Protein chains: 2
Amino acid sequence: MRDLTFCSALHGEEHIRLRQLLTHVQYDGHSTIFHEAEEADYVFNVTSGSVKLYKLLGDGRRQITGFLFAGDFLGLALNLTYSYTAEAIEPVTACRFPRQKLERLFDEFPRLEKRMLGMAVDELAAAQDQMLLLGRKTAKEKVASFLLMLARRQEHRGVNDAAIEVPMSRSDIADYLGLTIETVSRTLTQLRKEATISLKDNKHIEAIGLSMLEDLAEGL
Amino acid sequence: MRDLTFCSALHGEEHIRLRQLLTHVQYDGHSTIFHEAEEADYVFNVTSGSVKLYKLLGDGRRQITGFLFAGDFLGLALNLTYSYTAEAIEPVTACRFPRQKLERLFDEFPRLEKRMLGMAVDELAAAQDQMLLLGRKTAKEKVASFLLMLARRQEHRGVNDAAIEVPMSRSDIADYLGLTIETVSRTLTQLRKEATISLKDNKHIEAIGLSMLEDLAEGL
DNA sequence: CGGTTTCTTGAGTCGCCTCAACAATTGTGG
DNA sequence: CCACAATTGTTGAGGCGACTCAAGAAACCG
């Protein structure tokens with residue numbers, strides 16, 4: 001299994017000092033962890049549950065910029081304020097670090113900062129993939145890419161389950177893919193009729209073969 | 001004027017060591033600086049000209065993930081390979097750093113790494129804004145946001161010109177905004193007819209008032 | 001169970017895309 | 001410097017994929 005938290009896989013002293021900083025926190029489903037433009041006093045490490053990140057336009061249009069699961073890092077904006085809102089999809093537990101103290105620890109242990117930079121770079125690559133999806137993929141390709149992303153991250157977390165867990169609502173999926181809930185629903189129905197997936201229930205989807213999703217996702 | 005390069009605004013020793021690493025390089029317009037999936041041996045700092053970054057789908061659909069101008073940093077993927085292609089739009093000059101040597105310098109001067117992390121975080125915030133644009137904005141809002149972005153970055157570079165410099169082709173703009181060239185062209189015409197902008201020539205656009213663009217960009 | 005929310009499905013519409021022609025600009029060799 | 005070709009940008013007509021609006025089905029929940 002991969003290291004699931006920021007704290008783990010670190011050596012003695014660093015680990016101890018990190019543990020001194022963190023507070024364990026919990027959030028119910030649908031509760032807000034922090035708001036866009038709020039002062040960024042903390043960074044988080046999700047230990048269980050799932051989180052959505054989103055930005056809003058003036059008239060309420062919403063774009064979900066990412067989903068987080070156990071092991072994911074949250075709030076690495078080193079700016080003064082958060083650049084998006086973070087909300088729990090299902091009950092969430094997390095480790096919370098005071099940002100300033102964490103930054104001071106960076107000076108002492110540059111290793112930590114390297115780790116942080118690595119995570120930022122990974123997120124950046126994911127963001128670029130998502131831009132390609134939003135700008136250039138069809139509804140079917142978007143939904144296939146989304147399911148594939150969930151499957152891969154689930155595997156990465158060490159969950160060994162044939163069914164893909166889909167904790168988010170159709171509305172969340174739509175706002176993540178730049179579609180409407182109706183189009184998401186219709187596309188899932190279409191994939192089911194084409195026998196690419198089977199819907200066990202609304203929160204669990206089974207891919208008949210991941211390779212079929214992969215081909216769809218890349219428009220092949 | 002703001003510090004335009006990675007090297008500048010650094011103190012004595014760091015600055016000297018950085019200068020020892022860098023090579024000055026030039027690229028003609030339309031020439032490729034590096035390809036997606038190529039080994040990421042170098043990072044760059046653009047000193048003049050402009051660059052586009054893009055990703056491709058199997059069938060040739062393209063998404064431009066960003067434009068770079070003087071002062072911008074390029075290739076901060078600390079991964080093994082570049083995650084996108086970088087191509088010069090107009091003749092480009094840049095400083096080139098061997099990635100491995102630069103990383104070793106990070107160990108010596110954590111300050112440099114902090115700087116790098118800060119840049120990655122800024123890029124991440126920009127990427128999230130772009131996701132909102134691609135997923136949820138209309139063609140008109142997209143074009144207005146694009147012009148506004150160019151105007152702000154031009155100002156940030158210290159260029160004091162009423163006209164917005166637009167070095168990229170309609171095709172590049174389209175692939176950046178998730179539109180077609182025809183829609184970009186029509187939208188610019190529409191903005192001109194509504195007296196929001198005036199087109200001096202294809203590479204220079206004047207905004208009648210930035211606030212009109214700001215309102216359009218946010219869908220107000 | 002009823003009431004509420006979420007999801008699905010259908011019918012009709014619209015914004016952006018496609019295809020096509022033309023205009024403007026750029027580049028090239030004489 | 002001009003003639004010509006090639007490229008890039010504009011405009012129009014028509015089509016289509018995803019959206020809107022609306023109704024019903026399913027799931028959730030006290």
# chains A, B, ... in the order shown; residues from 1 in each chain; ligands from 1
$ residues_around --residues "Pro98 (chain A)" --least-positions-apart "5" --cutoff "10 Å" --atoms "only C-alpha atoms (C1' of nucleotides)" --output "PyMOL selection string"
chain A and resi 21-23+40-44+103
$ residues_around --residues "DG12 (chain D)" --least-positions-apart "3" --cutoff "12 Å" --atoms "only C-alpha atoms (C1' of nucleotides)" --output "PDB file with N, CA, C and O atoms (P, O5', C5', C4', C3', O3' and C1' of nucleotides), in the first residue's frame"
ATOM      1  N   GLU B 182     -13.438  30.034 -35.934  1.00  0.00           N
ATOM      2  CA  GLU B 182     -14.574  30.819 -36.414  1.00  0.00           C
ATOM      3  C   GLU B 182     -15.300  31.501 -35.271  1.00  0.00           C
ATOM      4  O   GLU B 182     -15.668  32.683 -35.364  1.00  0.00           O
ATOM      5  N   ARG B 186     -15.732  35.467 -34.783  1.00  0.00           N
ATOM      6  CA  ARG B 186     -17.075  36.056 -34.657  1.00  0.00           C
ATOM      7  C   ARG B 186     -17.230  36.818 -33.344  1.00  0.00           C
ATOM      8  O   ARG B 186     -17.833  37.892 -33.312  1.00  0.00           O
TER       9      ARG B 186
ATOM     10  P    DC C  19     -16.933  19.070 -41.533  1.00  0.00           P
ATOM     11  O5'  DC C  19     -17.450  19.952 -42.752  1.00  0.00           O
ATOM     12  C5'  DC C  19     -18.849  20.013 -43.036  1.00  0.00           C
ATOM     13  C4'  DC C  19     -19.121  21.094 -44.061  1.00  0.00           C
ATOM     14  C3'  DC C  19     -18.055  21.229 -45.151  1.00  0.00           C
ATOM     15  O3'  DC C  19     -18.716  21.326 -46.413  1.00  0.00           O
ATOM     16  C1'  DC C  19     -18.463  23.320 -44.161  1.00  0.00           C
ATOM     17  P    DA C  20     -17.893  21.342 -47.795  1.00  0.00           P
ATOM     18  O5'  DA C  20     -17.998  22.864 -48.241  1.00  0.00           O
ATOM     19  C5'  DA C  20     -19.263  23.514 -48.202  1.00  0.00           C
ATOM     20  C4'  DA C  20     -19.086  24.982 -48.516  1.00  0.00           C
ATOM     21  C3'  DA C  20     -17.967  25.296 -49.521  1.00  0.00           C
ATOM     22  O3'  DA C  20     -18.455  26.197 -50.502  1.00  0.00           O
ATOM     23  C1'  DA C  20     -17.734  26.622 -47.604  1.00  0.00           C
ATOM     24  P    DA C  21     -17.694  26.410 -51.889  1.00  0.00           P
ATOM     25  O5'  DA C  21     -17.579  27.994 -51.958  1.00  0.00           O
ATOM     26  C5'  DA C  21     -18.738  28.790 -51.715  1.00  0.00           C
ATOM     27  C4'  DA C  21     -18.295  30.157 -51.248  1.00  0.00           C
ATOM     28  C3'  DA C  21     -17.240  30.811 -52.148  1.00  0.00           C
ATOM     29  O3'  DA C  21     -17.726  32.075 -52.577  1.00  0.00           O
ATOM     30  C1'  DA C  21     -16.608  30.930 -49.854  1.00  0.00           C
ATOM     31  P    DC C  22     -16.992  32.901 -53.683  1.00  0.00           P
ATOM     32  O5'  DC C  22     -16.331  34.066 -52.812  1.00  0.00           O
ATOM     33  C5'  DC C  22     -17.130  34.738 -51.835  1.00  0.00           C
ATOM     34  C4'  DC C  22     -16.225  35.457 -50.868  1.00  0.00           C
ATOM     35  C3'  DC C  22     -15.135  36.313 -51.535  1.00  0.00           C
ATOM     36  O3'  DC C  22     -15.282  37.634 -51.079  1.00  0.00           O
ATOM     37  C1'  DC C  22     -14.280  35.048 -49.733  1.00  0.00           C
TER      38       DC C  22
END
$ select_by_dssp --residues "region 79-184 of chain A" --states "strand (DSSP E or B)" --output "list in words"
Thr81, Thr85, Ala86, Glu87, Ala88, Val92, Thr93, Ala94, Cys95, Arg96, Phe97, Pro98, Ala163, Ile164 and Glu165 of chain A
$ write_last_selection --atoms "all heavy atoms" --output "mmCIF file, in the first residue's frame"
data_model
loop_
_atom_site.group_PDB
_atom_site.id
_atom_site.type_symbol
_atom_site.label_atom_id
_atom_site.label_comp_id
_atom_site.auth_asym_id
_atom_site.auth_seq_id
_atom_site.Cartn_x
_atom_site.Cartn_y
_atom_site.Cartn_z
ATOM 1 N N THR A 81 -4.885 33.598 0.882
ATOM 2 C CA THR A 81 -6.262 33.100 0.947
ATOM 3 C C THR A 81 -6.412 31.843 0.083
ATOM 4 O O THR A 81 -5.653 31.620 -0.848
ATOM 5 C CB THR A 81 -7.249 34.163 0.424
ATOM 6 O OG1 THR A 81 -6.920 34.464 -0.936
ATOM 7 C CG2 THR A 81 -7.187 35.419 1.258
ATOM 8 N N THR A 85 -13.261 26.746 -2.769
ATOM 9 C CA THR A 85 -14.000 26.247 -1.615
ATOM 10 C C THR A 85 -13.814 24.742 -1.525
ATOM 11 O O THR A 85 -13.792 24.065 -2.549
ATOM 12 C CB THR A 85 -15.499 26.579 -1.758
ATOM 13 O OG1 THR A 85 -15.642 27.988 -1.891
ATOM 14 C CG2 THR A 85 -16.297 26.098 -0.552
ATOM 15 N N ALA A 86 -13.666 24.225 -0.301
ATOM 16 C CA ALA A 86 -13.547 22.781 -0.097
ATOM 17 C C ALA A 86 -14.719 22.312 0.738
ATOM 18 O O ALA A 86 -15.014 22.893 1.788
ATOM 19 C CB ALA A 86 -12.231 22.446 0.592
ATOM 20 N N GLU A 87 -15.420 21.288 0.255
ATOM 21 C CA GLU A 87 -16.623 20.816 0.932
ATOM 22 C C GLU A 87 -16.602 19.295 1.004
ATOM 23 O O GLU A 87 -16.238 18.631 0.030
ATOM 24 C CB GLU A 87 -17.844 21.298 0.133
ATOM 25 C CG GLU A 87 -19.143 21.255 0.881
ATOM 26 C CD GLU A 87 -20.268 21.826 0.031
ATOM 27 O OE1 GLU A 87 -20.124 22.928 -0.536
ATOM 28 O OE2 GLU A 87 -21.300 21.133 -0.106
ATOM 29 N N ALA A 88 -17.012 18.762 2.151
ATOM 30 C CA ALA A 88 -17.055 17.308 2.322
ATOM 31 C C ALA A 88 -18.219 16.730 1.539
ATOM 32 O O ALA A 88 -19.335 17.246 1.588
ATOM 33 C CB ALA A 88 -17.186 16.956 3.792
ATOM 34 N N VAL A 92 -15.874 13.230 6.561
ATOM 35 C CA VAL A 92 -14.433 13.295 6.305
ATOM 36 C C VAL A 92 -13.660 13.396 7.618
ATOM 37 O O VAL A 92 -14.079 14.099 8.532
ATOM 38 C CB VAL A 92 -14.111 14.530 5.426
ATOM 39 C CG1 VAL A 92 -12.642 14.898 5.496
ATOM 40 C CG2 VAL A 92 -14.525 14.276 3.984
ATOM 41 N N THR A 93 -12.558 12.683 7.687
ATOM 42 C CA THR A 93 -11.591 12.934 8.762
ATOM 43 C C THR A 93 -10.305 13.413 8.114
ATOM 44 O O THR A 93 -9.969 13.005 7.003
ATOM 45 C CB THR A 93 -11.295 11.667 9.587
ATOM 46 O OG1 THR A 93 -10.740 10.660 8.730
ATOM 47 C CG2 THR A 93 -12.573 11.114 10.218
ATOM 48 N N ALA A 94 -9.617 14.298 8.819
ATOM 49 C CA ALA A 94 -8.405 14.861 8.249
ATOM 50 C C ALA A 94 -7.437 15.280 9.350
ATOM 51 O O ALA A 94 -7.825 15.439 10.505
ATOM 52 C CB ALA A 94 -8.754 16.072 7.376
ATOM 53 N N CYS A 95 -6.165 15.426 8.973
ATOM 54 C CA CYS A 95 -5.180 16.049 9.846
ATOM 55 C C CYS A 95 -5.070 17.502 9.432
ATOM 56 O O CYS A 95 -4.994 17.803 8.242
ATOM 57 C CB CYS A 95 -3.808 15.412 9.676
ATOM 58 S SG CYS A 95 -3.773 13.665 10.046
ATOM 59 N N ARG A 96 -5.048 18.390 10.401
ATOM 60 C CA ARG A 96 -4.961 19.808 10.086
ATOM 61 C C ARG A 96 -3.654 20.379 10.618
ATOM 62 O O ARG A 96 -3.278 20.132 11.770
ATOM 63 C CB ARG A 96 -6.142 20.530 10.716
ATOM 64 C CG ARG A 96 -6.331 21.937 10.234
ATOM 65 C CD ARG A 96 -7.475 22.593 10.953
ATOM 66 N NE ARG A 96 -7.164 22.819 12.353
ATOM 67 C CZ ARG A 96 -8.019 23.334 13.239
ATOM 68 N NH1 ARG A 96 -9.252 23.618 12.855
ATOM 69 N NH2 ARG A 96 -7.663 23.523 14.485
ATOM 70 N N PHE A 97 -2.948 21.141 9.770
ATOM 71 C CA PHE A 97 -1.686 21.762 10.178
ATOM 72 C C PHE A 97 -1.804 23.273 10.090
ATOM 73 O O PHE A 97 -2.298 23.788 9.090
ATOM 74 C CB PHE A 97 -0.547 21.341 9.240
ATOM 75 C CG PHE A 97 -0.327 19.866 9.155
ATOM 76 C CD1 PHE A 97 -1.044 19.100 8.236
ATOM 77 C CD2 PHE A 97 0.588 19.236 9.984
ATOM 78 C CE1 PHE A 97 -0.835 17.731 8.151
ATOM 79 C CE2 PHE A 97 0.793 17.867 9.890
ATOM 80 C CZ PHE A 97 0.073 17.116 8.979
ATOM 81 N N PRO A 98 -1.355 23.989 11.101
ATOM 82 C CA PRO A 98 -1.298 25.453 10.977
ATOM 83 C C PRO A 98 -0.258 25.786 9.908
ATOM 84 O O PRO A 98 0.887 25.330 9.985
ATOM 85 C CB PRO A 98 -0.832 25.922 12.348
ATOM 86 C CG PRO A 98 -0.987 24.747 13.255
ATOM 87 C CD PRO A 98 -0.855 23.541 12.408
ATOM 88 N N ALA A 163 -15.916 -2.936 -8.366
ATOM 89 C CA ALA A 163 -16.813 -1.797 -8.587
ATOM 90 C C ALA A 163 -16.104 -0.480 -8.267
ATOM 91 O O ALA A 163 -15.326 -0.398 -7.317
ATOM 92 C CB ALA A 163 -18.058 -1.939 -7.722
ATOM 93 N N ILE A 164 -16.375 0.530 -9.092
ATOM 94 C CA ILE A 164 -15.835 1.862 -8.843
ATOM 95 C C ILE A 164 -16.764 2.575 -7.866
ATOM 96 O O ILE A 164 -17.970 2.671 -8.116
ATOM 97 C CB ILE A 164 -15.737 2.666 -10.158
ATOM 98 C CG1 ILE A 164 -14.880 1.914 -11.185
ATOM 99 C CG2 ILE A 164 -15.177 4.049 -9.900
ATOM 100 C CD1 ILE A 164 -14.938 2.520 -12.591
ATOM 101 N N GLU A 165 -16.218 3.068 -6.771
ATOM 102 C CA GLU A 165 -17.027 3.820 -5.807
ATOM 103 C C GLU A 165 -17.201 5.242 -6.314
ATOM 104 O O GLU A 165 -16.225 5.916 -6.628
ATOM 105 C CB GLU A 165 -16.338 3.850 -4.444
ATOM 106 C CG GLU A 165 -16.348 2.515 -3.724
ATOM 107 C CD GLU A 165 -15.545 2.585 -2.434
ATOM 108 O OE1 GLU A 165 -15.740 3.551 -1.674
ATOM 109 O OE2 GLU A 165 -14.720 1.673 -2.207
#
$ interface_residues --of "chain D" --to "chain B" --cutoff "9 Å" --atoms "only C-alpha atoms (C1' of nucleotides)" --output "number ranges by chain"
D: 8-11
$ residues_around --residues "Thr187 (chain A)" --least-positions-apart "6" --cutoff "10 Å" --atoms "only C-alpha atoms (C1' of nucleotides)" --output "short mmCIF file (atom, residue, chain, number, x, y, z; two decimals) with all heavy atoms, in the first residue's frame"
data_model
loop_
_atom_site.label_atom_id
_atom_site.label_comp_id
_atom_site.auth_asym_id
_atom_site.auth_seq_id
_atom_site.Cartn_x
_atom_site.Cartn_y
_atom_site.Cartn_z
N ALA A 139 -18.97 14.66 -24.39
CA ALA A 139 -19.61 14.23 -23.15
C ALA A 139 -19.24 12.78 -22.83
O ALA A 139 -18.89 12.46 -21.69
CB ALA A 139 -21.12 14.38 -23.26
N LYS A 140 -19.27 11.94 -23.84
CA LYS A 140 -18.97 10.52 -23.62
C LYS A 140 -17.52 10.33 -23.18
O LYS A 140 -17.23 9.58 -22.25
CB LYS A 140 -19.23 9.75 -24.91
CG LYS A 140 -19.36 8.26 -24.77
CD LYS A 140 -19.86 7.67 -26.08
CE LYS A 140 -19.80 6.17 -26.09
NZ LYS A 140 -20.24 5.62 -27.39
N GLU A 141 -16.62 11.03 -23.84
CA GLU A 141 -15.20 10.96 -23.47
C GLU A 141 -14.97 11.50 -22.06
O GLU A 141 -14.15 10.97 -21.30
CB GLU A 141 -14.35 11.75 -24.47
CG GLU A 141 -14.27 11.10 -25.85
CD GLU A 141 -13.79 12.06 -26.94
OE1 GLU A 141 -13.58 13.24 -26.65
OE2 GLU A 141 -13.64 11.61 -28.09
N LYS A 142 -15.69 12.55 -21.72
CA LYS A 142 -15.56 13.14 -20.38
C LYS A 142 -15.98 12.14 -19.31
O LYS A 142 -15.26 11.95 -18.32
CB LYS A 142 -16.42 14.40 -20.27
CG LYS A 142 -15.86 15.62 -20.99
CD LYS A 142 -16.82 16.80 -20.87
CE LYS A 142 -16.24 18.07 -21.49
NZ LYS A 142 -17.16 19.23 -21.34
N VAL A 143 -17.13 11.53 -19.50
CA VAL A 143 -17.63 10.60 -18.49
C VAL A 143 -16.71 9.38 -18.38
O VAL A 143 -16.39 8.93 -17.27
CB VAL A 143 -19.08 10.17 -18.81
CG1 VAL A 143 -19.53 9.04 -17.89
CG2 VAL A 143 -20.02 11.36 -18.67
N ALA A 144 -16.24 8.88 -19.52
CA ALA A 144 -15.31 7.75 -19.50
C ALA A 144 -14.02 8.12 -18.76
O ALA A 144 -13.53 7.36 -17.92
CB ALA A 144 -14.99 7.30 -20.93
N ILE A 181 -26.49 17.80 -15.33
CA ILE A 181 -26.81 16.51 -14.72
C ILE A 181 -27.53 15.61 -15.72
O ILE A 181 -27.30 14.41 -15.76
CB ILE A 181 -27.69 16.68 -13.46
CG1 ILE A 181 -28.82 17.68 -13.71
CG2 ILE A 181 -26.86 17.13 -12.29
CD1 ILE A 181 -29.72 17.88 -12.50
N LYS A 193 -26.04 0.77 -21.84
CA LYS A 193 -26.67 0.08 -22.97
C LYS A 193 -25.64 -0.49 -23.94
O LYS A 193 -25.87 -1.50 -24.59
CB LYS A 193 -27.63 1.03 -23.71
CG LYS A 193 -28.91 1.29 -22.92
CD LYS A 193 -29.89 2.17 -23.68
CE LYS A 193 -31.17 2.36 -22.85
NZ LYS A 193 -31.99 3.50 -23.34
#
$ select_by_dssp --residues "region 23-167 of chain B" --states "alpha helix (DSSP H)" --output "ChimeraX atom specification"
/B:99-108,110-136,139-156
$ interface_residues --of "chain C" --to "chain A" --cutoff "12 Å" --atoms "only C-alpha atoms (C1' of nucleotides)" --output "PDB file with all heavy atoms, in the first residue's frame"
ATOM      1  P    DT C   5     -36.262  19.147  -0.227  1.00  0.00           P
ATOM      2  OP1  DT C   5     -35.604  20.102   0.680  1.00  0.00           O
ATOM      3  OP2  DT C   5     -37.222  19.605  -1.262  1.00  0.00           O
ATOM      4  O5'  DT C   5     -35.102  18.308  -0.942  1.00  0.00           O
ATOM      5  C5'  DT C   5     -34.327  17.395  -0.164  1.00  0.00           C
ATOM      6  C4'  DT C   5     -33.789  16.295  -1.047  1.00  0.00           C
ATOM      7  O4'  DT C   5     -34.887  15.491  -1.548  1.00  0.00           O
ATOM      8  C3'  DT C   5     -33.034  16.799  -2.292  1.00  0.00           C
ATOM      9  O3'  DT C   5     -31.694  16.355  -2.210  1.00  0.00           O
ATOM     10  C2'  DT C   5     -33.789  16.182  -3.470  1.00  0.00           C
ATOM     11  C1'  DT C   5     -34.518  15.012  -2.823  1.00  0.00           C
ATOM     12  N1   DT C   5     -35.745  14.573  -3.526  1.00  0.00           N
ATOM     13  C2   DT C   5     -35.814  13.282  -3.994  1.00  0.00           C
ATOM     14  O2   DT C   5     -34.918  12.487  -3.870  1.00  0.00           O
ATOM     15  N3   DT C   5     -36.987  12.956  -4.623  1.00  0.00           N
ATOM     16  C4   DT C   5     -38.083  13.785  -4.818  1.00  0.00           C
ATOM     17  O4   DT C   5     -39.080  13.373  -5.405  1.00  0.00           O
ATOM     18  C5   DT C   5     -37.944  15.120  -4.302  1.00  0.00           C
ATOM     19  C7   DT C   5     -39.085  16.092  -4.477  1.00  0.00           C
ATOM     20  C6   DT C   5     -36.804  15.457  -3.680  1.00  0.00           C
ATOM     21  P    DT C   6     -30.630  16.702  -3.352  1.00  0.00           P
ATOM     22  OP1  DT C   6     -29.301  16.763  -2.713  1.00  0.00           O
ATOM     23  OP2  DT C   6     -31.154  17.834  -4.143  1.00  0.00           O
ATOM     24  O5'  DT C   6     -30.653  15.409  -4.284  1.00  0.00           O
ATOM     25  C5'  DT C   6     -30.415  14.117  -3.719  1.00  0.00           C
ATOM     26  C4'  DT C   6     -30.566  13.073  -4.794  1.00  0.00           C
ATOM     27  O4'  DT C   6     -31.967  12.953  -5.167  1.00  0.00           O
ATOM     28  C3'  DT C   6     -29.800  13.389  -6.084  1.00  0.00           C
ATOM     29  O3'  DT C   6     -29.024  12.245  -6.412  1.00  0.00           O
ATOM     30  C2'  DT C   6     -30.900  13.672  -7.104  1.00  0.00           C
ATOM     31  C1'  DT C   6     -32.052  12.842  -6.573  1.00  0.00           C
ATOM     32  N1   DT C   6     -33.421  13.289  -6.954  1.00  0.00           N
ATOM     33  C2   DT C   6     -34.298  12.376  -7.495  1.00  0.00           C
ATOM     34  O2   DT C   6     -34.006  11.217  -7.693  1.00  0.00           O
ATOM     35  N3   DT C   6     -35.538  12.878  -7.801  1.00  0.00           N
ATOM     36  C4   DT C   6     -35.990  14.167  -7.612  1.00  0.00           C
ATOM     37  O4   DT C   6     -37.121  14.483  -7.926  1.00  0.00           O
ATOM     38  C5   DT C   6     -35.027  15.078  -7.038  1.00  0.00           C
ATOM     39  C7   DT C   6     -35.411  16.512  -6.801  1.00  0.00           C
ATOM     40  C6   DT C   6     -33.792  14.603  -6.739  1.00  0.00           C
ATOM     41  P    DC C   7     -28.062  12.213  -7.675  1.00  0.00           P
ATOM     42  OP1  DC C   7     -26.902  11.378  -7.308  1.00  0.00           O
ATOM     43  OP2  DC C   7     -27.884  13.600  -8.156  1.00  0.00           O
ATOM     44  O5'  DC C   7     -28.923  11.419  -8.760  1.00  0.00           O
ATOM     45  C5'  DC C   7     -29.416  10.127  -8.443  1.00  0.00           C
ATOM     46  C4'  DC C   7     -30.340   9.666  -9.553  1.00  0.00           C
ATOM     47  O4'  DC C   7     -31.540  10.470  -9.536  1.00  0.00           O
ATOM     48  C3'  DC C   7     -29.760   9.796 -10.963  1.00  0.00           C
ATOM     49  O3'  DC C   7     -29.711   8.499 -11.546  1.00  0.00           O
ATOM     50  C2'  DC C   7     -30.737  10.739 -11.686  1.00  0.00           C
ATOM     51  C1'  DC C   7     -32.005  10.604 -10.846  1.00  0.00           C
ATOM     52  N1   DC C   7     -32.930  11.780 -10.878  1.00  0.00           N
ATOM     53  C2   DC C   7     -34.239  11.614 -11.336  1.00  0.00           C
ATOM     54  O2   DC C   7     -34.604  10.499 -11.739  1.00  0.00           O
ATOM     55  N3   DC C   7     -35.081  12.681 -11.348  1.00  0.00           N
ATOM     56  C4   DC C   7     -34.654  13.870 -10.906  1.00  0.00           C
ATOM     57  N4   DC C   7     -35.519  14.883 -10.923  1.00  0.00           N
ATOM     58  C5   DC C   7     -33.329  14.068 -10.416  1.00  0.00           C
ATOM     59  C6   DC C   7     -32.506  13.005 -10.427  1.00  0.00           C
ATOM     60  P    DT C   8     -29.229   8.291 -13.054  1.00  0.00           P
ATOM     61  OP1  DT C   8     -28.688   6.919 -13.150  1.00  0.00           O
ATOM     62  OP2  DT C   8     -28.422   9.470 -13.454  1.00  0.00           O
ATOM     63  O5'  DT C   8     -30.596   8.323 -13.862  1.00  0.00           O
ATOM     64  C5'  DT C   8     -31.569   7.323 -13.615  1.00  0.00           C
ATOM     65  C4'  DT C   8     -32.774   7.552 -14.507  1.00  0.00           C
ATOM     66  O4'  DT C   8     -33.359   8.836 -14.199  1.00  0.00           O
ATOM     67  C3'  DT C   8     -32.492   7.552 -16.010  1.00  0.00           C
ATOM     68  O3'  DT C   8     -33.315   6.548 -16.584  1.00  0.00           O
ATOM     69  C2'  DT C   8     -32.871   8.965 -16.467  1.00  0.00           C
ATOM     70  C1'  DT C   8     -33.846   9.413 -15.389  1.00  0.00           C
ATOM     71  N1   DT C   8     -33.942  10.875 -15.113  1.00  0.00           N
ATOM     72  C2   DT C   8     -35.152  11.502 -15.273  1.00  0.00           C
ATOM     73  O2   DT C   8     -36.159  10.936 -15.660  1.00  0.00           O
ATOM     74  N3   DT C   8     -35.148  12.840 -14.971  1.00  0.00           N
ATOM     75  C4   DT C   8     -34.066  13.589 -14.516  1.00  0.00           C
ATOM     76  O4   DT C   8     -34.185  14.787 -14.269  1.00  0.00           O
ATOM     77  C5   DT C   8     -32.823  12.866 -14.369  1.00  0.00           C
ATOM     78  C7   DT C   8     -31.612  13.583 -13.888  1.00  0.00           C
ATOM     79  C6   DT C   8     -32.813  11.556 -14.670  1.00  0.00           C
ATOM     80  P    DT C   9     -33.041   5.983 -18.035  1.00  0.00           P
ATOM     81  OP1  DT C   9     -33.482   4.574 -18.061  1.00  0.00           O
ATOM     82  OP2  DT C   9     -31.678   6.349 -18.423  1.00  0.00           O
ATOM     83  O5'  DT C   9     -34.056   6.823 -18.933  1.00  0.00           O
ATOM     84  C5'  DT C   9     -35.447   6.781 -18.633  1.00  0.00           C
ATOM     85  C4'  DT C   9     -36.169   7.897 -19.344  1.00  0.00           C
ATOM     86  O4'  DT C   9     -35.904   9.157 -18.694  1.00  0.00           O
ATOM     87  C3'  DT C   9     -35.794   8.112 -20.818  1.00  0.00           C
ATOM     88  O3'  DT C   9     -36.908   7.741 -21.606  1.00  0.00           O
ATOM     89  C2'  DT C   9     -35.472   9.599 -20.926  1.00  0.00           C
ATOM     90  C1'  DT C   9     -36.089  10.164 -19.651  1.00  0.00           C
ATOM     91  N1   DT C   9     -35.462  11.395 -19.107  1.00  0.00           N
ATOM     92  C2   DT C   9     -36.252  12.478 -18.813  1.00  0.00           C
ATOM     93  O2   DT C   9     -37.461  12.492 -18.997  1.00  0.00           O
ATOM     94  N3   DT C   9     -35.586  13.558 -18.304  1.00  0.00           N
ATOM     95  C4   DT C   9     -34.226  13.651 -18.070  1.00  0.00           C
ATOM     96  O4   DT C   9     -33.745  14.677 -17.601  1.00  0.00           O
ATOM     97  C5   DT C   9     -33.446  12.490 -18.399  1.00  0.00           C
ATOM     98  C7   DT C   9     -31.957  12.489 -18.184  1.00  0.00           C
ATOM     99  C6   DT C   9     -34.093  11.430 -18.901  1.00  0.00           C
ATOM    100  P    DG C  10     -36.900   7.754 -23.205  1.00  0.00           P
ATOM    101  OP1  DG C  10     -37.745   6.638 -23.671  1.00  0.00           O
ATOM    102  OP2  DG C  10     -35.496   7.875 -23.649  1.00  0.00           O
ATOM    103  O5'  DG C  10     -37.641   9.128 -23.527  1.00  0.00           O
ATOM    104  C5'  DG C  10     -38.957   9.359 -23.015  1.00  0.00           C
ATOM    105  C4'  DG C  10     -39.411  10.752 -23.389  1.00  0.00           C
ATOM    106  O4'  DG C  10     -38.720  11.721 -22.546  1.00  0.00           O
ATOM    107  C3'  DG C  10     -39.130  11.167 -24.839  1.00  0.00           C
ATOM    108  O3'  DG C  10     -40.330  11.661 -25.421  1.00  0.00           O
ATOM    109  C2'  DG C  10     -38.061  12.246 -24.711  1.00  0.00           C
ATOM    110  C1'  DG C  10     -38.349  12.828 -23.329  1.00  0.00           C
ATOM    111  N9   DG C  10     -37.230  13.468 -22.673  1.00  0.00           N
ATOM    112  C8   DG C  10     -35.989  12.926 -22.416  1.00  0.00           C
ATOM    113  N7   DG C  10     -35.182  13.741 -21.781  1.00  0.00           N
ATOM    114  C5   DG C  10     -35.940  14.891 -21.610  1.00  0.00           C
ATOM    115  C6   DG C  10     -35.602  16.119 -20.986  1.00  0.00           C
ATOM    116  O6   DG C  10     -34.545  16.447 -20.449  1.00  0.00           O
ATOM    117  N1   DG C  10     -36.663  17.024 -21.036  1.00  0.00           N
ATOM    118  C2   DG C  10     -37.883  16.780 -21.596  1.00  0.00           C
ATOM    119  N2   DG C  10     -38.778  17.760 -21.548  1.00  0.00           N
ATOM    120  N3   DG C  10     -38.215  15.635 -22.179  1.00  0.00           N
ATOM    121  C4   DG C  10     -37.195  14.743 -22.148  1.00  0.00           C
TER     122       DG C  10
END
$ interface_residues --of "chain B" --to "chain A" --cutoff "6 Å" --atoms "only C-alpha atoms" --output "list in words"
Gln63, Ala77, Leu117, Val121, Leu124, Met131, Leu132, Leu134, Gly135 and Gly178 of chain B
